[in-house]
file upload_16.txt (compact mmCIF, C-alpha atoms and all ligand atoms)
# COMPACT_ATOMS: atom_id res chain seq x y z
CA MET L 7 -28.14 30.95 -0.89
CA ARG L 8 -31.23 30.83 -3.08
CA GLN L 9 -30.77 28.65 -6.13
CA SER L 10 -32.91 31.02 -8.21
CA GLU L 11 -30.08 33.56 -7.87
CA LEU L 12 -27.27 31.17 -8.84
CA PHE L 13 -26.12 32.05 -12.37
CA ALA L 14 -24.40 28.71 -12.98
CA LYS L 15 -26.80 26.25 -14.60
CA THR L 16 -26.68 22.49 -14.78
CA ILE L 17 -26.25 20.69 -18.10
CA ARG L 18 -28.40 17.74 -19.04
CA GLU L 19 -25.99 16.02 -21.44
CA ALA L 20 -22.42 14.96 -20.72
CA PRO L 21 -19.99 17.36 -22.46
CA ARG L 22 -18.67 15.76 -25.65
CA ASP L 23 -15.03 16.70 -25.21
CA GLU L 24 -14.60 15.30 -21.69
CA MET L 25 -13.43 11.76 -21.02
CA SER L 26 -12.98 11.76 -17.27
CA ARG L 27 -15.66 11.25 -14.69
CA ASN L 28 -14.62 14.25 -12.58
CA ALA L 29 -14.77 16.70 -15.50
CA ILE L 30 -18.08 15.31 -16.75
CA TRP L 31 -19.87 15.60 -13.40
CA LEU L 32 -18.31 18.90 -12.37
CA THR L 33 -19.21 20.46 -15.74
CA ARG L 34 -22.73 19.04 -15.78
CA ALA L 35 -23.38 20.26 -12.24
CA GLY L 36 -22.14 23.78 -13.07
CA TYR L 37 -19.09 23.69 -10.76
CA VAL L 38 -16.44 24.36 -13.42
CA HIS L 39 -16.21 25.66 -16.96
CA LYS L 40 -13.61 24.34 -19.38
CA GLU L 41 -11.66 27.04 -21.23
CA MET L 42 -9.33 24.69 -23.12
CA ALA L 43 -7.66 21.33 -22.50
CA GLY L 44 -6.37 21.30 -18.92
CA VAL L 45 -7.65 24.79 -18.11
CA TYR L 46 -10.80 25.37 -16.05
CA SER L 47 -12.62 28.31 -14.52
CA TYR L 48 -14.30 27.75 -11.16
CA LEU L 49 -17.93 28.79 -10.79
CA PRO L 50 -19.54 29.65 -7.42
CA LEU L 51 -20.20 26.08 -6.26
CA GLY L 52 -16.82 24.84 -7.49
CA LEU L 53 -14.98 27.70 -5.86
CA ARG L 54 -16.70 26.97 -2.54
CA VAL L 55 -15.28 23.43 -2.68
CA ILE L 56 -11.80 24.78 -3.50
CA LYS L 57 -12.01 27.24 -0.58
CA LYS L 58 -13.15 24.49 1.81
CA ILE L 59 -10.20 22.29 0.82
CA GLU L 60 -7.81 25.25 1.06
CA GLN L 61 -9.01 26.09 4.56
CA ILE L 62 -8.58 22.49 5.77
CA VAL L 63 -5.04 22.46 4.34
CA ARG L 64 -4.27 25.95 5.71
CA GLU L 65 -5.25 24.95 9.24
CA ALA L 66 -3.14 21.78 8.97
CA MET L 67 -0.11 23.76 7.73
CA ASN L 68 -0.53 26.33 10.50
CA ARG L 69 -0.63 23.55 13.09
CA ILE L 70 2.86 22.38 12.05
CA GLY L 71 4.13 25.96 12.17
CA GLY L 72 3.91 26.90 8.48
CA GLN L 73 3.80 30.63 7.70
CA GLU L 74 1.56 31.57 4.78
CA VAL L 75 3.04 33.63 1.93
CA PHE L 76 1.97 34.40 -1.61
CA LEU L 77 4.82 34.29 -4.09
CA SER L 78 4.89 35.69 -7.60
CA ALA L 79 3.54 33.69 -10.53
CA LEU L 80 5.83 35.45 -13.06
CA HIS L 81 9.44 34.34 -12.60
CA PRO L 82 12.64 35.94 -13.94
CA LYS L 83 14.51 33.73 -16.39
CA GLU L 84 17.81 34.26 -14.51
CA ASN L 85 16.51 32.32 -11.50
CA TRP L 86 15.66 29.30 -13.61
CA GLU L 87 19.01 29.49 -15.43
CA LYS L 88 20.79 29.44 -12.10
CA THR L 89 19.41 25.97 -11.30
CA GLY L 90 19.65 24.74 -14.89
CA ARG L 91 15.93 24.07 -15.00
CA TRP L 92 15.26 26.71 -17.71
CA GLN L 93 16.68 24.04 -20.04
CA THR L 94 15.82 20.79 -18.29
CA MET L 95 12.23 21.33 -17.16
CA THR L 96 10.40 20.47 -20.34
CA ASP L 97 6.93 21.46 -19.17
CA LEU L 98 7.92 24.99 -18.08
CA TYR L 99 5.86 27.73 -19.72
CA LYS L 100 8.20 30.37 -21.13
CA ILE L 101 6.91 33.74 -22.23
CA GLU L 102 8.37 36.93 -23.63
CA ASP L 103 7.21 40.44 -22.84
CA GLU L 104 7.16 43.40 -25.27
CA SER L 105 10.73 44.37 -24.36
CA ASP L 106 11.89 40.86 -25.34
CA ARG L 107 12.51 39.93 -21.74
CA GLU L 108 12.00 36.21 -21.15
CA LEU L 109 10.00 34.99 -18.17
CA ALA L 110 8.62 31.74 -16.81
CA LEU L 111 5.13 31.13 -15.52
CA GLY L 112 5.67 29.48 -12.15
CA ALA L 113 5.52 25.68 -12.34
CA THR L 114 7.01 25.33 -8.84
CA HIS L 115 8.60 27.90 -6.55
CA GLU L 116 12.06 26.76 -5.39
CA GLU L 117 13.54 29.30 -7.82
CA ILE L 118 11.65 32.10 -6.08
CA ILE L 119 11.59 31.13 -2.41
CA THR L 120 15.26 30.11 -2.12
CA PRO L 121 16.78 33.48 -3.22
CA LEU L 122 14.05 35.24 -1.24
CA MET L 123 15.09 33.42 1.94
CA ALA L 124 18.76 34.23 1.26
CA THR L 125 17.89 37.84 2.07
CA HIS L 126 16.27 36.87 5.40
CA ILE L 127 18.37 34.04 6.86
CA ASN L 128 21.70 34.80 8.47
CA SER L 129 22.34 32.63 11.46
CA TYR L 130 21.44 29.26 12.96
CA GLN L 131 19.08 31.21 15.20
CA ASP L 132 16.87 31.94 12.18
CA LEU L 133 16.28 28.19 11.66
CA PRO L 134 14.19 26.09 11.39
CA PHE L 135 11.00 27.43 9.85
CA SER L 136 8.64 26.70 6.99
CA ALA L 137 6.55 28.75 4.57
CA TYR L 138 3.68 27.75 2.31
CA GLN L 139 1.32 29.22 -0.22
CA PHE L 140 -1.75 28.50 -2.33
CA GLN L 141 -0.85 29.36 -5.87
CA THR L 142 -1.91 28.89 -9.47
CA LYS L 143 0.79 26.85 -11.20
CA PHE L 144 1.40 26.38 -14.89
CA ARG L 145 2.74 23.30 -16.63
CA HIS L 146 2.82 22.55 -20.31
CA GLU L 147 1.09 19.18 -20.08
CA LEU L 148 0.85 17.38 -23.38
CA ARG L 149 -1.83 14.99 -22.23
CA ALA L 150 -4.25 17.20 -20.36
CA LYS L 151 -7.29 14.99 -20.72
CA SER L 152 -8.19 14.02 -17.18
CA GLY L 153 -10.20 17.04 -16.08
CA LEU L 154 -8.90 18.46 -12.80
CA LEU L 155 -6.47 15.57 -12.36
CA ARG L 156 -3.92 16.84 -14.85
CA GLY L 157 -4.14 20.54 -15.57
CA ARG L 158 -1.99 22.97 -17.51
CA GLU L 159 -3.12 25.55 -14.99
CA PHE L 160 -3.92 24.27 -11.52
CA ILE L 161 -4.13 25.30 -7.87
CA MET L 162 -1.52 23.91 -5.55
CA LYS L 163 -0.38 24.23 -1.97
CA ASP L 164 3.40 24.16 -1.76
CA LEU L 165 5.29 24.17 1.52
CA TYR L 166 9.05 24.69 1.83
CA SER L 167 11.04 23.99 4.98
CA PHE L 168 14.47 25.28 6.01
CA HIS L 169 16.81 23.49 8.42
CA ARG L 170 20.32 23.50 9.75
CA ASP L 171 20.89 19.79 9.30
CA GLN L 172 19.49 16.51 8.03
CA THR L 173 18.19 15.38 11.42
CA ASP L 174 16.06 18.48 11.76
CA LEU L 175 14.74 18.01 8.21
CA ASP L 176 13.95 14.33 8.93
CA ASN L 177 11.87 15.29 11.96
CA PHE L 178 9.90 17.90 10.09
CA TYR L 179 9.50 15.66 7.04
CA LYS L 180 7.80 13.08 9.23
CA LYS L 181 5.50 15.71 10.70
CA VAL L 182 4.38 16.81 7.24
CA GLY L 183 3.58 13.20 6.33
CA GLU L 184 1.36 12.90 9.42
CA SER L 185 -0.28 16.23 8.65
CA TYR L 186 -1.06 15.11 5.08
CA ARG L 187 -2.61 11.91 6.38
CA GLU L 188 -4.95 13.99 8.58
CA ILE L 189 -5.86 16.22 5.64
CA PHE L 190 -6.87 13.27 3.45
CA GLN L 191 -8.91 11.83 6.33
CA THR L 192 -10.69 15.14 6.85
CA VAL L 193 -11.61 15.65 3.20
CA GLY L 194 -13.12 12.16 3.10
CA ILE L 195 -10.66 10.05 1.07
CA GLY L 196 -8.36 8.88 3.86
CA GLU L 197 -9.20 5.22 3.37
CA GLN L 198 -8.41 5.26 -0.33
CA THR L 199 -5.22 7.30 -0.02
CA ILE L 200 -1.94 5.50 0.65
CA TYR L 201 1.62 6.56 1.44
CA THR L 202 3.84 5.48 -1.44
CA LEU L 203 7.57 5.29 -2.02
CA ALA L 204 8.62 7.12 -5.18
CA SER L 205 11.89 7.67 -6.97
CA GLY L 206 14.21 9.67 -4.81
CA GLY L 207 15.16 13.23 -4.60
CA THR L 208 18.86 13.84 -5.05
CA PHE L 209 19.50 13.63 -1.33
CA SER L 210 17.37 10.76 -0.11
CA PRO L 211 16.76 7.23 -1.35
CA TYR L 212 13.07 7.97 -1.83
CA SER L 213 10.61 10.74 -2.12
CA HIS L 214 7.07 10.01 -0.97
CA GLU L 215 3.70 10.38 -2.56
CA PHE L 216 0.16 10.16 -1.33
CA GLN L 217 -1.77 8.17 -3.92
CA THR L 218 -5.56 7.99 -4.01
CA LEU L 219 -6.42 4.57 -5.38
CA THR L 220 -9.10 4.72 -8.09
CA PRO L 221 -9.47 3.27 -11.59
CA ALA L 222 -9.14 6.88 -12.88
CA GLY L 223 -5.55 7.12 -11.61
CA GLU L 224 -2.70 7.45 -14.10
CA ASP L 225 0.03 6.08 -11.83
CA GLN L 226 0.69 2.37 -11.31
CA ILE L 227 1.17 1.49 -7.65
CA HIS L 228 2.64 -1.84 -6.54
CA ILE L 229 1.40 -2.92 -3.13
CA CYS L 230 3.13 -5.62 -1.07
CA ALA L 231 0.66 -8.42 -0.30
CA LYS L 232 2.27 -9.03 3.09
CA CYS L 233 3.01 -5.62 4.67
CA HIS L 234 1.13 -3.25 2.29
CA THR L 235 4.19 -1.13 1.53
CA ALA L 236 3.34 0.75 -1.68
CA ILE L 237 5.85 1.63 -4.39
CA ASN L 238 5.37 3.79 -7.46
CA ASP L 239 5.96 2.11 -10.81
CA GLU L 240 8.97 4.41 -11.55
CA ILE L 241 11.17 2.76 -8.90
CA ILE L 242 9.83 -0.75 -8.86
CA ALA L 243 12.72 -2.01 -11.06
CA LYS L 244 15.11 -1.27 -8.17
CA HIS L 245 13.01 -3.40 -5.85
CA PRO L 246 12.20 -6.88 -7.13
CA THR L 247 11.21 -7.65 -3.53
CA CYS L 248 9.57 -5.44 -0.90
CA PRO L 249 12.17 -3.12 0.72
CA LYS L 250 10.40 -3.44 4.07
CA CYS L 251 9.56 -7.13 4.50
CA GLY L 252 11.28 -8.81 1.56
CA GLY L 253 7.99 -10.21 0.24
CA ALA L 254 7.78 -10.85 -3.50
CA GLU L 255 4.01 -10.96 -3.94
CA ARG L 256 2.37 -7.72 -5.07
CA THR L 257 -0.85 -6.35 -6.43
CA VAL L 258 -0.95 -3.46 -8.88
CA GLN L 259 -3.50 -0.67 -8.57
CA THR L 260 -3.87 2.73 -10.21
CA GLY L 261 -3.68 5.92 -8.19
CA ILE L 262 -3.90 9.69 -8.39
CA GLU L 263 -0.92 11.47 -6.85
CA VAL L 264 -2.59 14.00 -4.55
CA GLY L 265 0.47 14.92 -2.49
CA ASN L 266 4.23 14.55 -2.55
CA THR L 267 7.13 15.24 -0.21
CA PHE L 268 10.78 15.69 -1.18
CA GLN L 269 14.01 16.15 0.67
CA LEU L 270 15.92 18.77 -1.30
CA GLY L 271 19.05 18.91 0.85
CA ASP L 272 21.23 21.75 -0.43
CA LYS L 273 20.25 21.32 -4.09
CA PHE L 274 18.75 24.82 -4.25
CA SER L 275 20.60 26.52 -1.37
CA VAL L 276 23.97 26.09 -3.09
CA PRO L 277 23.15 27.88 -6.41
CA PHE L 278 21.30 30.68 -4.59
CA GLU L 279 23.86 30.89 -1.75
CA LEU L 280 21.26 30.33 0.93
CA ASN L 281 23.68 29.89 3.85
CA TYR L 282 23.63 30.33 7.61
CA ARG L 283 26.32 30.93 10.20
CA ASP L 284 26.55 28.17 12.83
CA GLU L 285 27.57 28.60 16.51
CA THR L 286 31.26 28.48 15.61
CA GLY L 287 30.90 31.17 12.93
CA LYS L 288 31.19 28.71 10.06
CA MET L 289 28.97 29.26 6.97
CA LYS L 290 26.84 26.28 5.91
CA PRO L 291 24.17 25.70 3.28
CA VAL L 292 20.59 25.60 4.54
CA ILE L 293 18.99 22.14 4.22
CA MET L 294 15.58 22.23 2.53
CA GLY L 295 12.48 20.14 2.02
CA CYS L 296 9.46 20.75 -0.21
CA TYR L 297 5.95 19.40 0.07
CA GLY L 298 3.24 19.70 -2.57
CA LEU L 299 -0.48 19.11 -2.36
CA GLY L 300 -2.65 19.64 -5.41
CA ILE L 301 -5.79 21.50 -4.34
CA SER L 302 -7.71 21.34 -7.64
CA ARG L 303 -6.43 17.82 -8.28
CA LEU L 304 -7.65 16.79 -4.83
CA MET L 305 -11.09 18.15 -5.72
CA GLY L 306 -11.01 15.97 -8.86
CA ALA L 307 -9.80 12.95 -6.88
CA ILE L 308 -12.62 13.34 -4.34
CA VAL L 309 -15.12 13.31 -7.23
CA GLU L 310 -13.52 10.20 -8.73
CA VAL L 311 -13.86 8.39 -5.40
CA THR L 312 -17.32 9.60 -4.33
CA ALA L 313 -19.49 10.33 -7.40
CA ASP L 314 -22.11 7.75 -8.41
CA GLU L 315 -24.44 7.21 -11.37
CA GLN L 316 -26.64 10.16 -10.34
CA GLY L 317 -23.86 12.71 -9.92
CA LEU L 318 -21.63 14.26 -7.28
CA ALA L 319 -21.75 13.16 -3.62
CA TRP L 320 -19.55 15.43 -1.50
CA PRO L 321 -18.12 14.48 1.87
CA ILE L 322 -19.47 16.99 4.43
CA ALA L 323 -16.14 18.74 5.06
CA VAL L 324 -15.71 19.90 1.46
CA ALA L 325 -19.33 20.22 0.28
CA PRO L 326 -20.16 23.70 -1.07
CA PHE L 327 -23.26 23.69 1.17
CA ARG L 328 -24.16 21.16 3.83
CA ALA L 329 -27.85 21.02 2.96
CA HIS L 330 -30.02 21.35 -0.14
CA LEU L 331 -33.50 22.56 0.74
CA LEU L 332 -36.16 21.81 -1.87
CA SER L 333 -39.54 23.53 -1.63
CA LEU L 334 -42.01 21.72 -3.86
CA GLY L 335 -45.16 22.93 -5.57
CA SER L 336 -46.31 26.33 -6.75
CA ASP L 337 -44.95 29.56 -5.33
CA LYS L 338 -48.58 30.40 -4.49
CA ASP L 339 -48.58 27.65 -1.90
CA THR L 340 -47.93 30.05 0.95
CA ALA L 341 -47.85 27.38 3.66
CA VAL L 342 -44.95 25.59 1.92
CA GLN L 343 -43.20 28.89 1.21
CA THR L 344 -43.50 29.96 4.83
CA GLN L 345 -42.18 26.67 6.16
CA ALA L 346 -39.26 26.70 3.70
CA THR L 347 -38.42 30.29 4.64
CA ASN L 348 -38.49 29.38 8.33
CA ILE L 349 -36.22 26.39 7.82
CA TYR L 350 -33.83 28.40 5.66
CA ASN L 351 -33.60 31.13 8.32
CA GLN L 352 -33.28 28.64 11.14
CA LEU L 353 -30.37 26.80 9.47
CA THR L 354 -28.63 29.99 8.36
CA LYS L 355 -28.88 31.38 11.88
CA ALA L 356 -27.31 28.18 13.24
CA GLY L 357 -24.38 28.59 10.81
CA ILE L 358 -25.44 25.63 8.63
CA GLU L 359 -24.81 26.44 4.99
CA VAL L 360 -27.89 25.76 2.91
CA LEU L 361 -28.71 26.05 -0.77
CA TRP L 362 -32.46 26.60 -1.19
CA ASP L 363 -33.97 25.43 -4.44
CA ASP L 364 -36.72 28.06 -4.42
CA ARG L 365 -37.31 27.88 -8.17
CA VAL L 366 -40.69 27.11 -9.64
CA VAL L 367 -39.76 24.01 -11.65
CA ALA L 368 -41.06 20.45 -11.87
CA THR L 369 -40.51 18.31 -8.78
CA GLY L 370 -38.62 15.72 -10.84
CA VAL L 371 -36.16 18.37 -11.99
CA LYS L 372 -35.47 19.44 -8.42
CA PHE L 373 -34.78 15.87 -7.29
CA THR L 374 -32.55 15.09 -10.27
CA GLU L 375 -30.56 18.27 -9.76
CA ALA L 376 -30.21 17.66 -6.04
CA ASP L 377 -28.58 14.31 -6.82
CA LEU L 378 -26.40 15.91 -9.51
CA LEU L 379 -25.16 18.73 -7.23
CA GLY L 380 -24.42 16.21 -4.50
CA LEU L 381 -24.89 18.17 -1.26
CA PRO L 382 -24.74 15.86 1.80
CA TYR L 383 -28.35 16.42 3.04
CA ARG L 384 -31.49 16.85 0.97
CA LEU L 385 -34.38 18.51 2.83
CA VAL L 386 -37.83 18.48 1.26
CA VAL L 387 -40.77 20.66 2.20
CA SER L 388 -44.09 20.03 0.42
CA ALA L 389 -47.86 20.22 0.89
CA ARG L 390 -47.58 16.76 2.46
CA THR L 391 -45.05 17.71 5.14
CA VAL L 392 -46.20 21.20 5.95
CA GLU L 393 -49.34 20.35 7.93
CA LYS L 394 -47.44 18.69 10.75
CA ASN L 395 -44.43 20.98 10.32
CA LEU L 396 -42.26 18.04 9.27
CA VAL L 397 -39.30 17.91 6.89
CA GLU L 398 -38.15 15.02 4.72
CA VAL L 399 -34.46 14.42 5.30
CA LYS L 400 -32.33 12.24 3.05
CA LYS L 401 -28.59 11.78 3.00
CA ARG L 402 -27.12 11.89 -0.51
CA THR L 403 -25.43 8.51 -0.09
CA VAL L 404 -28.22 6.67 1.75
CA ASP L 405 -31.62 5.65 0.35
CA GLU L 406 -33.58 6.00 3.58
CA ILE L 407 -35.82 9.06 3.96
CA LYS L 408 -36.66 10.35 7.44
CA LEU L 409 -39.57 12.57 8.37
CA ILE L 410 -38.58 14.77 11.27
CA PRO L 411 -40.06 17.82 13.03
CA SER L 412 -38.65 21.10 11.65
CA GLN L 413 -37.38 22.26 15.00
CA LYS L 414 -35.17 19.15 15.33
CA LEU L 415 -33.41 19.76 12.01
CA CYS L 416 -30.39 21.69 13.29
CA ALA L 417 -29.61 19.03 15.87
CA LEU L 418 -29.83 16.29 13.22
CA ILE L 419 -27.68 17.78 10.47
CA GLY L 420 -25.63 20.46 12.28
ZN ZN E 501 6.32 -5.89 2.31

call {"tool": "encode", "arguments": {"input": "upload_16.txt", "output": "structure tokens"}}
result
Amino acid sequence: MRQSELFAKTIREAPRDEMSRNAIWLTRAGYVHKEMAGVYSYLPLGLRVIKKIEQIVREAMNRIGGQEVFLSALHPKENWEKTGRWQTMTDLYKIEDESDRELALGATHEEIITPLMATHINSYQDLPFSAYQFQTKFRHELRAKSGLLRGREFIMKDLYSFHRDQTDLDNFYKKVGESYREIFQTVGIGEQTIYTLASGGTFSPYSHEFQTLTPAGEDQIHICAKCHTAINDEIIAKHPTCPKCGGAERTVQTGIEVGNTFQLGDKFSVPFELNYRDETGKMKPVIMGCYGLGISRLMGAIVEVTADEQGLAWPIAVAPFRAHLLSLGSDKDTAVQTQATNIYNQLTKAGIEVLWDDRVVATGVKFTEADLLGLPYRLVVSARTVEKNLVEVKKRTVDEIKLIPSQKLCALIG
């Protein structure tokens, strides 16, 4: 894509109403636009990051057998009354339509997927399976001040699994944990993201969270000095010593909860009568698990971990474009223009996504913006390089600049 055609512009000054690093950099770089506290629109570059993350997660979910669905965002009140959460879930958005009918804006989807599955599951032969979606969720957050980390409207992947018994759920639950670990590795924050024990669901002693450790995190995580078992602050009172090794020494760090996994047991199958017939003809409640992964929050967490003093610095797998091509000098410099066009075509043909800063602006502006936008490779073509058909290549996170022949570019950055 040519940068001259990109409508989203960068902003020189940090926005006054943003406190968090992720919101400041993403706004300044023209990735997102804040509509109100905790509510953001995604602009072309920001949406490309979201779609990259979604695709990584989608492929991971498909590998463990998940079937993709897209459930409704408007929920009937009756469903939420059936589980009691119309009253107890304090951050549920409730709305009324013109015929005075009350509705909820989906904060989570157990109240939709469980009755839906009751119309599809009959026998033990229908089990097990799992279904997931990417969905905009709504939560009435009172302290929505952390940019993409804590939204009132946010994008989430939620997976639900359905089993005949606890053993089958346990096996799948483990698989999801492994799949999440791979996802966080792929998006570039695997090292900073740890598996954490959290206060339990109703049917298991613990639920689990994936916490990305960064000073921007809002959760306190206690980490055993001996075996590195991590426990969320909420349950630490129950465990004066480490539940794994018995050690008493701990360090406390702050984390961003980027994923969570819960064993639901029959908590939702009972009220919605989601039952199956076993081999002997006996009716039994379906055993469920649910597994969340915040897509927009993950984007914010990646920024918190990777951004530096100059701006964003995307890991390759989630970068909106792999390369940022800068052509320097006047647009009348036909030699530079020709070389830039050739490189752009060569990369595009090889399937390497490239943003070409083809604008006629000062060189300093191009370099500053390249750092701000944070694409993994910066490629510079100028009067100096063009004679020998060379390109200046610099990685966003490394100071070294390499001069390489144009024709070797694909092999180097592809
Ligand atoms: Zn321990």

call {"tool": "closest_atom_pairs", "arguments": {"input": "upload_16.txt", "of": "chain L", "to": "ligand ZN 501 (chain E)", "cutoff": "8 Å", "atoms": "all atoms listed in the file", "output": "tab-separated table"}}
result
residue	atom	partner	partner_atom	distance
L:Ile229	CA	E:ZN501	ZN	7.9
L:Cys230	CA	E:ZN501	ZN	4.7
L:Ala231	CA	E:ZN501	ZN	6.7
L:Lys232	CA	E:ZN501	ZN	5.2
L:Cys233	CA	E:ZN501	ZN	4.1
L:His234	CA	E:ZN501	ZN	5.8
L:Thr235	CA	E:ZN501	ZN	5.3
L:Thr247	CA	E:ZN501	ZN	7.8
L:Cys248	CA	E:ZN501	ZN	4.6
L:Pro249	CA	E:ZN501	ZN	6.7
L:Lys250	CA	E:ZN501	ZN	5.1
L:Cys251	CA	E:ZN501	ZN	4.1
L:Gly252	CA	E:ZN501	ZN	5.8
L:Gly253	CA	E:ZN501	ZN	5.1
L:Ala254	CA	E:ZN501	ZN	7.8

call {"tool": "write_last_selection", "arguments": {"input": "upload_16.txt", "atoms": "C-alpha atoms", "output": "tab-separated table (two decimals), in the frame of the given file"}}
result
chain	number	residue	atom	x	y	z
L	229	ILE	CA	1.40	-2.92	-3.13
L	230	CYS	CA	3.13	-5.62	-1.07
L	231	ALA	CA	0.66	-8.42	-0.30
L	232	LYS	CA	2.27	-9.03	3.09
L	233	CYS	CA	3.01	-5.62	4.67
L	234	HIS	CA	1.13	-3.25	2.29
L	235	THR	CA	4.19	-1.13	1.53
L	247	THR	CA	11.21	-7.65	-3.53
L	248	CYS	CA	9.57	-5.44	-0.90
L	249	PRO	CA	12.17	-3.12	0.72
L	250	LYS	CA	10.40	-3.44	4.07
L	251	CYS	CA	9.56	-7.13	4.50
L	252	GLY	CA	11.28	-8.81	1.56
L	253	GLY	CA	7.99	-10.21	0.24
L	254	ALA	CA	7.78	-10.85	-3.50

call {"tool": "closest_residue", "arguments": {"input": "upload_16.txt", "among": "L:Lys408, L:Arg303, L:Lys273, L:Arg34", "to": "L:Gly380", "atoms": "all atoms listed in the file"}}
result
L:Arg34

call {"tool": "residues_around", "arguments": {"input": "upload_16.txt", "residues": "stretch 204-219 of chain L", "least_positions_apart": "2", "cutoff": "10 Å", "atoms": "only C-alpha atoms", "output": "ChimeraX atom specification"}}
result
/L:172,183,186-187,190,195-202,221-227,236-242,244,259-273,295,297-299,304,307-308,310-311

call {"tool": "write_last_selection", "arguments": {"input": "upload_16.txt", "atoms": "C-alpha atoms", "output": "CSV table (one decimal), keeping the file's coordinate frame"}}
result
chain,number,residue,atom,x,y,z
L,172,GLN,CA,19.5,16.5,8.0
L,183,GLY,CA,3.6,13.2,6.3
L,186,TYR,CA,-1.1,15.1,5.1
L,187,ARG,CA,-2.6,11.9,6.4
L,190,PHE,CA,-6.9,13.3,3.4
L,195,ILE,CA,-10.7,10.0,1.1
L,196,GLY,CA,-8.4,8.9,3.9
L,197,GLU,CA,-9.2,5.2,3.4
L,198,GLN,CA,-8.4,5.3,-0.3
L,199,THR,CA,-5.2,7.3,0.0
L,200,ILE,CA,-1.9,5.5,0.6
L,201,TYR,CA,1.6,6.6,1.4
L,202,THR,CA,3.8,5.5,-1.4
L,221,PRO,CA,-9.5,3.3,-11.6
L,222,ALA,CA,-9.1,6.9,-12.9
L,223,GLY,CA,-5.6,7.1,-11.6
L,224,GLU,CA,-2.7,7.4,-14.1
L,225,ASP,CA,0.0,6.1,-11.8
L,226,GLN,CA,0.7,2.4,-11.3
L,227,ILE,CA,1.2,1.5,-7.6
L,236,ALA,CA,3.3,0.8,-1.7
L,237,ILE,CA,5.8,1.6,-4.4
L,238,ASN,CA,5.4,3.8,-7.5
L,239,ASP,CA,6.0,2.1,-10.8
L,240,GLU,CA,9.0,4.4,-11.6
L,241,ILE,CA,11.2,2.8,-8.9
L,242,ILE,CA,9.8,-0.8,-8.9
L,244,LYS,CA,15.1,-1.3,-8.2
L,259,GLN,CA,-3.5,-0.7,-8.6
L,260,THR,CA,-3.9,2.7,-10.2
L,261,GLY,CA,-3.7,5.9,-8.2
L,262,ILE,CA,-3.9,9.7,-8.4
L,263,GLU,CA,-0.9,11.5,-6.8
L,264,VAL,CA,-2.6,14.0,-4.6
L,265,GLY,CA,0.5,14.9,-2.5
L,266,ASN,CA,4.2,14.6,-2.6
L,267,THR,CA,7.1,15.2,-0.2
L,268,PHE,CA,10.8,15.7,-1.2
L,269,GLN,CA,14.0,16.2,0.7
L,270,LEU,CA,15.9,18.8,-1.3
L,271,GLY,CA,19.0,18.9,0.8
L,272,ASP,CA,21.2,21.8,-0.4
L,273,LYS,CA,20.2,21.3,-4.1
L,295,GLY,CA,12.5,20.1,2.0
L,297,TYR,CA,6.0,19.4,0.1
L,298,GLY,CA,3.2,19.7,-2.6
L,299,LEU,CA,-0.5,19.1,-2.4
L,304,LEU,CA,-7.6,16.8,-4.8
L,307,ALA,CA,-9.8,13.0,-6.9
L,308,ILE,CA,-12.6,13.3,-4.3
L,310,GLU,CA,-13.5,10.2,-8.7
L,311,VAL,CA,-13.9,8.4,-5.4

call {"tool": "residues_around", "arguments": {"input": "upload_16.txt", "residues": "L:Phe160", "least_positions_apart": "5", "cutoff": "10 Å", "atoms": "only C-alpha atoms", "output": "list in words"}}
result
Gly44, Val45, Tyr46, Ala113, Gln141, Thr142, Lys143, Phe144, Arg145, Leu154, Leu155, Gly300, Ile301, Ser302 and Arg303 of chain L

call {"tool": "write_last_selection", "arguments": {"input": "upload_16.txt", "atoms": "C-alpha atoms", "output": "PDB file, keeping the file's coordinate frame"}}
result
ATOM      1  CA  GLY L  44      -6.370  21.300 -18.920  1.00  0.00           C
ATOM      2  CA  VAL L  45      -7.650  24.790 -18.110  1.00  0.00           C
ATOM      3  CA  TYR L  46     -10.800  25.370 -16.050  1.00  0.00           C
ATOM      4  CA  ALA L 113       5.520  25.680 -12.340  1.00  0.00           C
ATOM      5  CA  GLN L 141      -0.850  29.360  -5.870  1.00  0.00           C
ATOM      6  CA  THR L 142      -1.910  28.890  -9.470  1.00  0.00           C
ATOM      7  CA  LYS L 143       0.790  26.850 -11.200  1.00  0.00           C
ATOM      8  CA  PHE L 144       1.400  26.380 -14.890  1.00  0.00           C
ATOM      9  CA  ARG L 145       2.740  23.300 -16.630  1.00  0.00           C
ATOM     10  CA  LEU L 154      -8.900  18.460 -12.800  1.00  0.00           C
ATOM     11  CA  LEU L 155      -6.470  15.570 -12.360  1.00  0.00           C
ATOM     12  CA  GLY L 300      -2.650  19.640  -5.410  1.00  0.00           C
ATOM     13  CA  ILE L 301      -5.790  21.500  -4.340  1.00  0.00           C
ATOM     14  CA  SER L 302      -7.710  21.340  -7.640  1.00  0.00           C
ATOM     15  CA  ARG L 303      -6.430  17.820  -8.280  1.00  0.00           C
TER      16      ARG L 303
END

call {"tool": "residues_around", "arguments": {"input": "upload_16.txt", "residues": "L:Val392", "least_positions_apart": "2", "cutoff": "10 Å", "atoms": "only C-alpha atoms", "output": "list of chain:residue names"}}
result
L:Ala341, L:Val342, L:Gln343, L:Thr344, L:Gln345, L:Ala346, L:Val386, L:Val387, L:Ser388, L:Ala389, L:Arg390, L:Lys394, L:Asn395, L:Leu396, L:Val397, L:Pro411, L:Ser412

call {"tool": "atom_distance", "arguments": {"input": "upload_16.txt", "atom1": "atom CA of L:Arg365", "atom2": "atom CA of L:Leu12"}}
result
10.6 Å
